[in-house]
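Beneath this line is the structure, given in structure tokens, with notes to follow.
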There are 2 protein chains.
Amino acid sequence: MTSPAPTRAYRRLSVEERQRQLKEAALSLFAVRAPDEVSLDDVAEAAGVSRPLVYRYFPGGKQQLYEAALRSAADELEQCFAEPPEGPLTQRLANALDRYLAFVDQHDAGFSALLQGGSVVETSRTTAIVDEVRRTAAEHILAHLEVVGARGPRLRMTVRMWITSVEAASLIWLDEEKQPPLDELRDWLVEQFMAVLVASAGRDPQTAEAVRGALALETADGPAGSLARRVLPVVSDAAHLL
Amino acid sequence: MTSPAPTRAYRRLSVEERQRQLKEAALSLFAVRAPDEVSLDDVAEAAGVSRPLVYRYFPGGKQQLYEAALRSAADELEQCFAEPPEGPLTQRLANALDRYLAFVDQHDAGFSALLQGGSVVETSRTTAIVDEVRRTAAEHILAHLEVVGARGPRLRMTVRMWITSVEAASLIWLDEEKQPPLDELRDWLVEQFMAVLVASAGRDPQTAEAVRGALALETADGPAGSLARRVLPVVSDAAHLL
């Protein structure tokens, strides 16, 4: 509060630019502190503007600003899983995860606060926004799995479970001082996806069709080949199961 | 509110019995309505007692009763994963999941409300209780994976991710009118666990050791054998990856 007011505060911005500026300031604060511990004064200071100006753009105060910031974070997250339907599935997933994990890395504590709840500013509306991100991510991924007809419940459940486990991995990763390195975490999450898809294929003909289609596009020197060669020695002692 | 007061309300109960009665009444209401929509009057009515009596045992009102009910639900959930270290791992997991999924089935909307948050009575304390259930479940499962030395981060992360995906599956199952049948859901979740464990084994020597130990105890006519025989035909076309 003792820092001199930055002069950029008085630059003329359009309504949209100003709102974006305030939402970014709020997100950057939520990234290092829980939403509960962020005041409108803090946001005003971070954006280099006055508190009344924050209220002019967000008359609903902190709750409105939080929801708007969450909304724009959600839009960004949903876009992470938009990927052209080209190349091996593992490469498409790796591209999507690169974007998703970069968002996690950048927003840090804000990402945790967003997903873990327990915040006074959490409401059924904010929960619905987070749930919408999950559903959109699931739709994006399902669109990459080429099957005949509508995606059945087993395939959908498998994808939604994997998305939840990606969230869990992200939270644990933040909690464990960002270990393992991001590219290793990404490759591992891709492998987990292939594993759960293959296991579900054992029960569901549609998932089996999706797996066969996906594996046909994979190469020996890609992630699926590498996974297969690393896993085979581990299970090779289990011939008694066949 | 127009139903006659049940006479059992006036039976003498010990403090502990009375508290348990009220927590059970609260849980049964949370199972059909979101915590936000349950009043202390509703709890008093469901337990067949007066509102002042509810306040005598829970002077903190609804928040205190909610937390106490959550606490006892959490204790019950944590016990689901306690299982003697005998027999194949898939059988132990199936036993634990039978208890866990029975809890989900019984508490229904209350289970969703508990995990999904977005409730006015949710606080950082209630979030901590839910997180503790997850951690306890993870510790139980890790104890069944026989490895030399402390369980490393990769193995822990795999188990915690699977637990989160079990939660997700439970919520989706409740949302989709309890389909598939519980025993099928249980078997599938066990298979998902084996799948993610095997995939992680490809990257982590300790997880590989746990997988080898677990597979040695599995039998051809058990879940692991059945999974292996169902999955092999799906991946048999992928010899180009090796």
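Identifiers in the structure tokens: chain A, B, ... in order shown; residue index from 1 per chain; ligand index from 1 in order shown.
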
Please build the interface table for range 167-207 of chain B against range 137-154 of chain A with a cut-off of 9 Å, listing for each qualifying residue the nearest atom pair and the distance in Å to one decimal; count only C-alpha atoms, order rows by chain and increasing number, and write it as a tab-separated table.
```
residue	atom	partner	partner_atom	distance
B:Glu176	CA	A:Pro153	CA	8.9
B:Gln179	CA	A:Pro153	CA	8.9
B:Pro180	CA	A:Arg154	CA	8.8
```

Output the selection as a PDB file, in the first residue's frame - all heavy atoms for each residue.
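Final output, out_9.pdb:
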```pdb
ATOM      1  N   GLU B 176     -25.512 -41.354 -13.238  1.00  0.00           N
ATOM      2  CA  GLU B 176     -26.051 -42.116 -14.372  1.00  0.00           C
ATOM      3  C   GLU B 176     -26.931 -43.256 -13.901  1.00  0.00           C
ATOM      4  O   GLU B 176     -26.850 -44.397 -14.398  1.00  0.00           O
ATOM      5  CB  GLU B 176     -24.902 -42.603 -15.262  1.00  0.00           C
ATOM      6  CG  GLU B 176     -24.160 -41.415 -15.848  1.00  0.00           C
ATOM      7  CD  GLU B 176     -23.221 -41.768 -16.979  1.00  0.00           C
ATOM      8  OE1 GLU B 176     -22.827 -42.929 -17.107  1.00  0.00           O
ATOM      9  OE2 GLU B 176     -22.882 -40.841 -17.743  1.00  0.00           O
ATOM     10  N   GLN B 179     -25.650 -47.075 -13.020  1.00  0.00           N
ATOM     11  CA  GLN B 179     -25.232 -48.031 -14.045  1.00  0.00           C
ATOM     12  C   GLN B 179     -23.733 -47.873 -14.258  1.00  0.00           C
ATOM     13  O   GLN B 179     -23.236 -46.766 -14.245  1.00  0.00           O
ATOM     14  CB  GLN B 179     -25.975 -47.776 -15.361  1.00  0.00           C
ATOM     15  CG  GLN B 179     -27.401 -48.249 -15.330  1.00  0.00           C
ATOM     16  CD  GLN B 179     -27.520 -49.725 -15.040  1.00  0.00           C
ATOM     17  OE1 GLN B 179     -26.758 -50.536 -15.550  1.00  0.00           O
ATOM     18  NE2 GLN B 179     -28.466 -50.075 -14.177  1.00  0.00           N
ATOM     19  N   PRO B 180     -22.975 -48.939 -14.496  1.00  0.00           N
ATOM     20  CA  PRO B 180     -23.372 -50.354 -14.531  1.00  0.00           C
ATOM     21  C   PRO B 180     -23.644 -50.891 -13.122  1.00  0.00           C
ATOM     22  O   PRO B 180     -23.370 -50.194 -12.151  1.00  0.00           O
ATOM     23  CB  PRO B 180     -22.124 -51.014 -15.134  1.00  0.00           C
ATOM     24  CG  PRO B 180     -20.983 -50.171 -14.686  1.00  0.00           C
ATOM     25  CD  PRO B 180     -21.525 -48.764 -14.712  1.00  0.00           C
TER      26      PRO B 180
END
```

List every residue of range 3-194 of chain B that DSSP, applied to the backbone of this structure, places in alpha helix (DSSP H), and write the result as a PDB file with C-alpha atoms, in the first residue's frame.
```pdb
ATOM      1  CA  VAL B  15     -25.128 -38.597  25.139  1.00  0.00           C
ATOM      2  CA  GLU B  16     -23.197 -40.738  22.699  1.00  0.00           C
ATOM      3  CA  GLU B  17     -26.262 -42.605  21.480  1.00  0.00           C
ATOM      4  CA  ARG B  18     -28.156 -39.345  21.055  1.00  0.00           C
ATOM      5  CA  GLN B  19     -25.322 -37.765  19.095  1.00  0.00           C
ATOM      6  CA  ARG B  20     -25.083 -40.827  16.892  1.00  0.00           C
ATOM      7  CA  GLN B  21     -28.839 -40.752  16.327  1.00  0.00           C
ATOM      8  CA  LEU B  22     -28.713 -37.105  15.274  1.00  0.00           C
ATOM      9  CA  LYS B  23     -25.696 -37.614  12.998  1.00  0.00           C
ATOM     10  CA  GLU B  24     -27.443 -40.539  11.327  1.00  0.00           C
ATOM     11  CA  ALA B  25     -30.576 -38.466  10.847  1.00  0.00           C
ATOM     12  CA  ALA B  26     -28.444 -35.688   9.340  1.00  0.00           C
ATOM     13  CA  LEU B  27     -26.606 -38.105   7.036  1.00  0.00           C
ATOM     14  CA  SER B  28     -29.857 -39.664   5.870  1.00  0.00           C
ATOM     15  CA  LEU B  29     -31.125 -36.193   4.953  1.00  0.00           C
ATOM     16  CA  PHE B  30     -27.848 -35.220   3.237  1.00  0.00           C
ATOM     17  CA  LEU B  40     -31.969 -28.123  11.793  1.00  0.00           C
ATOM     18  CA  ASP B  41     -35.759 -28.404  11.931  1.00  0.00           C
ATOM     19  CA  ASP B  42     -35.548 -31.134   9.284  1.00  0.00           C
ATOM     20  CA  VAL B  43     -32.931 -33.001  11.309  1.00  0.00           C
ATOM     21  CA  ALA B  44     -34.984 -32.680  14.497  1.00  0.00           C
ATOM     22  CA  GLU B  45     -38.028 -33.986  12.678  1.00  0.00           C
ATOM     23  CA  ALA B  46     -36.153 -36.875  11.052  1.00  0.00           C
ATOM     24  CA  ALA B  47     -34.746 -37.893  14.440  1.00  0.00           C
ATOM     25  CA  ARG B  51     -35.090 -28.495  17.742  1.00  0.00           C
ATOM     26  CA  PRO B  52     -33.792 -27.349  21.190  1.00  0.00           C
ATOM     27  CA  LEU B  53     -32.631 -30.901  21.838  1.00  0.00           C
ATOM     28  CA  VAL B  54     -30.587 -30.825  18.611  1.00  0.00           C
ATOM     29  CA  TYR B  55     -29.029 -27.559  19.817  1.00  0.00           C
ATOM     30  CA  ARG B  56     -28.293 -29.043  23.223  1.00  0.00           C
ATOM     31  CA  TYR B  57     -26.087 -31.684  21.610  1.00  0.00           C
ATOM     32  CA  GLY B  61     -25.899 -25.572  15.084  1.00  0.00           C
ATOM     33  CA  LYS B  62     -25.977 -26.838  11.535  1.00  0.00           C
ATOM     34  CA  GLN B  63     -22.292 -26.287  10.802  1.00  0.00           C
ATOM     35  CA  GLN B  64     -21.249 -28.324  13.837  1.00  0.00           C
ATOM     36  CA  LEU B  65     -23.746 -31.090  13.094  1.00  0.00           C
ATOM     37  CA  TYR B  66     -22.651 -31.175   9.454  1.00  0.00           C
ATOM     38  CA  GLU B  67     -19.008 -31.481  10.419  1.00  0.00           C
ATOM     39  CA  ALA B  68     -19.769 -34.179  13.001  1.00  0.00           C
ATOM     40  CA  ALA B  69     -21.824 -36.129  10.461  1.00  0.00           C
ATOM     41  CA  LEU B  70     -19.057 -35.694   7.888  1.00  0.00           C
ATOM     42  CA  ARG B  71     -16.511 -36.832  10.457  1.00  0.00           C
ATOM     43  CA  SER B  72     -18.396 -40.056  11.140  1.00  0.00           C
ATOM     44  CA  ALA B  73     -18.932 -40.652   7.412  1.00  0.00           C
ATOM     45  CA  ALA B  74     -15.191 -40.108   6.913  1.00  0.00           C
ATOM     46  CA  ASP B  75     -14.361 -42.616   9.671  1.00  0.00           C
ATOM     47  CA  GLU B  76     -16.593 -45.144   7.961  1.00  0.00           C
ATOM     48  CA  LEU B  77     -15.068 -44.497   4.530  1.00  0.00           C
ATOM     49  CA  GLU B  78     -11.524 -44.754   5.884  1.00  0.00           C
ATOM     50  CA  GLN B  79     -12.319 -48.171   7.307  1.00  0.00           C
ATOM     51  CA  CYS B  80     -13.469 -49.413   3.890  1.00  0.00           C
ATOM     52  CA  LEU B  89      -4.251 -58.160  -4.407  1.00  0.00           C
ATOM     53  CA  THR B  90      -7.251 -58.043  -6.754  1.00  0.00           C
ATOM     54  CA  GLN B  91      -9.359 -59.871  -4.151  1.00  0.00           C
ATOM     55  CA  ARG B  92      -8.306 -57.484  -1.379  1.00  0.00           C
ATOM     56  CA  LEU B  93      -9.101 -54.491  -3.566  1.00  0.00           C
ATOM     57  CA  ALA B  94     -12.457 -55.985  -4.542  1.00  0.00           C
ATOM     58  CA  ASN B  95     -13.345 -56.432  -0.854  1.00  0.00           C
ATOM     59  CA  ALA B  96     -12.395 -52.819  -0.093  1.00  0.00           C
ATOM     60  CA  LEU B  97     -14.333 -51.537  -3.095  1.00  0.00           C
ATOM     61  CA  ASP B  98     -17.396 -53.567  -2.096  1.00  0.00           C
ATOM     62  CA  ARG B  99     -17.480 -51.655   1.197  1.00  0.00           C
ATOM     63  CA  TYR B 100     -16.688 -48.313  -0.421  1.00  0.00           C
ATOM     64  CA  LEU B 101     -19.294 -48.662  -3.167  1.00  0.00           C
ATOM     65  CA  ALA B 102     -21.915 -49.834  -0.659  1.00  0.00           C
ATOM     66  CA  PHE B 103     -21.295 -46.584   1.210  1.00  0.00           C
ATOM     67  CA  VAL B 104     -21.664 -44.601  -2.033  1.00  0.00           C
ATOM     68  CA  ASP B 105     -24.871 -46.475  -2.886  1.00  0.00           C
ATOM     69  CA  GLN B 106     -26.342 -45.919   0.571  1.00  0.00           C
ATOM     70  CA  HIS B 107     -25.439 -42.243   0.996  1.00  0.00           C
ATOM     71  CA  ALA B 109     -26.664 -37.497  -2.887  1.00  0.00           C
ATOM     72  CA  GLY B 110     -24.937 -37.035   0.467  1.00  0.00           C
ATOM     73  CA  PHE B 111     -21.804 -38.620  -0.993  1.00  0.00           C
ATOM     74  CA  SER B 112     -21.952 -36.302  -4.022  1.00  0.00           C
ATOM     75  CA  ALA B 113     -22.474 -33.245  -1.826  1.00  0.00           C
ATOM     76  CA  LEU B 114     -19.582 -34.297   0.352  1.00  0.00           C
ATOM     77  CA  LEU B 115     -17.131 -34.595  -2.518  1.00  0.00           C
ATOM     78  CA  GLN B 116     -18.340 -31.950  -4.890  1.00  0.00           C
ATOM     79  CA  SER B 124     -11.443 -25.550   4.851  1.00  0.00           C
ATOM     80  CA  ARG B 125     -12.116 -27.955   7.777  1.00  0.00           C
ATOM     81  CA  THR B 126     -14.572 -30.064   5.816  1.00  0.00           C
ATOM     82  CA  THR B 127     -12.210 -30.061   2.818  1.00  0.00           C
ATOM     83  CA  ALA B 128      -9.433 -31.275   5.128  1.00  0.00           C
ATOM     84  CA  ILE B 129     -11.632 -34.145   6.349  1.00  0.00           C
ATOM     85  CA  VAL B 130     -12.329 -35.298   2.788  1.00  0.00           C
ATOM     86  CA  ASP B 131      -8.642 -35.043   1.942  1.00  0.00           C
ATOM     87  CA  GLU B 132      -7.791 -37.119   4.996  1.00  0.00           C
ATOM     88  CA  VAL B 133     -10.083 -39.902   3.753  1.00  0.00           C
ATOM     89  CA  ARG B 134      -8.178 -39.941   0.473  1.00  0.00           C
ATOM     90  CA  ARG B 135      -4.822 -40.050   2.206  1.00  0.00           C
ATOM     91  CA  THR B 136      -5.889 -42.824   4.578  1.00  0.00           C
ATOM     92  CA  ALA B 137      -7.262 -44.895   1.715  1.00  0.00           C
ATOM     93  CA  ALA B 138      -3.959 -44.403  -0.138  1.00  0.00           C
ATOM     94  CA  GLU B 139      -1.958 -45.533   2.918  1.00  0.00           C
ATOM     95  CA  HIS B 140      -4.092 -48.675   3.244  1.00  0.00           C
ATOM     96  CA  ILE B 141      -3.546 -49.577  -0.390  1.00  0.00           C
ATOM     97  CA  LEU B 142       0.169 -48.802  -0.325  1.00  0.00           C
ATOM     98  CA  ALA B 143       0.507 -51.118   2.670  1.00  0.00           C
ATOM     99  CA  HIS B 144      -0.700 -53.980   0.448  1.00  0.00           C
ATOM    100  CA  PRO B 153       6.666 -40.777  -5.114  1.00  0.00           C
ATOM    101  CA  ARG B 154       5.737 -42.563  -8.358  1.00  0.00           C
ATOM    102  CA  LEU B 155       3.996 -45.426  -6.603  1.00  0.00           C
ATOM    103  CA  ARG B 156       2.232 -43.032  -4.208  1.00  0.00           C
ATOM    104  CA  MET B 157       1.085 -40.796  -7.041  1.00  0.00           C
ATOM    105  CA  THR B 158      -0.272 -43.776  -8.984  1.00  0.00           C
ATOM    106  CA  VAL B 159      -2.318 -44.935  -5.992  1.00  0.00           C
ATOM    107  CA  ARG B 160      -3.621 -41.449  -5.200  1.00  0.00           C
ATOM    108  CA  MET B 161      -4.601 -40.889  -8.827  1.00  0.00           C
ATOM    109  CA  TRP B 162      -6.508 -44.150  -8.865  1.00  0.00           C
ATOM    110  CA  ILE B 163      -8.351 -43.211  -5.655  1.00  0.00           C
ATOM    111  CA  THR B 164      -9.409 -39.931  -7.240  1.00  0.00           C
ATOM    112  CA  SER B 165     -10.619 -41.777 -10.306  1.00  0.00           C
ATOM    113  CA  VAL B 166     -12.634 -44.140  -8.058  1.00  0.00           C
ATOM    114  CA  GLU B 167     -14.300 -41.060  -6.576  1.00  0.00           C
ATOM    115  CA  ALA B 168     -14.998 -39.739 -10.052  1.00  0.00           C
ATOM    116  CA  ALA B 169     -16.432 -43.085 -11.117  1.00  0.00           C
ATOM    117  CA  SER B 170     -18.661 -43.126  -8.015  1.00  0.00           C
ATOM    118  CA  LEU B 171     -20.016 -39.661  -8.773  1.00  0.00           C
ATOM    119  CA  ILE B 172     -20.639 -40.523 -12.423  1.00  0.00           C
ATOM    120  CA  TRP B 173     -22.278 -43.787 -11.360  1.00  0.00           C
ATOM    121  CA  LEU B 174     -24.677 -41.903  -9.049  1.00  0.00           C
ATOM    122  CA  ASP B 175     -25.303 -39.397 -11.815  1.00  0.00           C
ATOM    123  CA  LEU B 182     -22.157 -52.450  -8.595  1.00  0.00           C
ATOM    124  CA  ASP B 183     -20.258 -55.728  -9.025  1.00  0.00           C
ATOM    125  CA  GLU B 184     -19.382 -54.868 -12.600  1.00  0.00           C
ATOM    126  CA  LEU B 185     -18.226 -51.376 -11.576  1.00  0.00           C
ATOM    127  CA  ARG B 186     -16.117 -52.933  -8.805  1.00  0.00           C
ATOM    128  CA  ASP B 187     -14.423 -55.430 -11.129  1.00  0.00           C
ATOM    129  CA  TRP B 188     -13.739 -52.710 -13.651  1.00  0.00           C
ATOM    130  CA  LEU B 189     -12.177 -50.418 -11.027  1.00  0.00           C
ATOM    131  CA  VAL B 190      -9.927 -53.275  -9.900  1.00  0.00           C
ATOM    132  CA  GLU B 191      -8.850 -53.752 -13.512  1.00  0.00           C
ATOM    133  CA  GLN B 192      -8.151 -50.036 -13.852  1.00  0.00           C
ATOM    134  CA  PHE B 193      -5.920 -50.255 -10.805  1.00  0.00           C
ATOM    135  CA  MET B 194      -3.918 -53.140 -12.291  1.00  0.00           C
TER     136      MET B 194
END
```

Task: CA of Asp237 in chain B to CA of Gly87 in chain A, straight-line distance in Å - done: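 The value is 18.6 Å.
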
Open item on the list: Please find the residues of chain A near chain B - the criterion being any atom within 7 Å, counting only C-alpha atoms - and write them as a ChimeraX atom specification.
Closed with: /A:117-119,122-124,127,157,161-162,164-165,168-169,191-192,195-196,198-199,201-202,208,212,215-216,219-220,224-225,227-231,234,238,240-242

Open item on the list: Using Å and a single decimal, report how far CA of Gly48 in chain A sits from CA of Ser14 in chain A.
Closed with: 15.9 Å
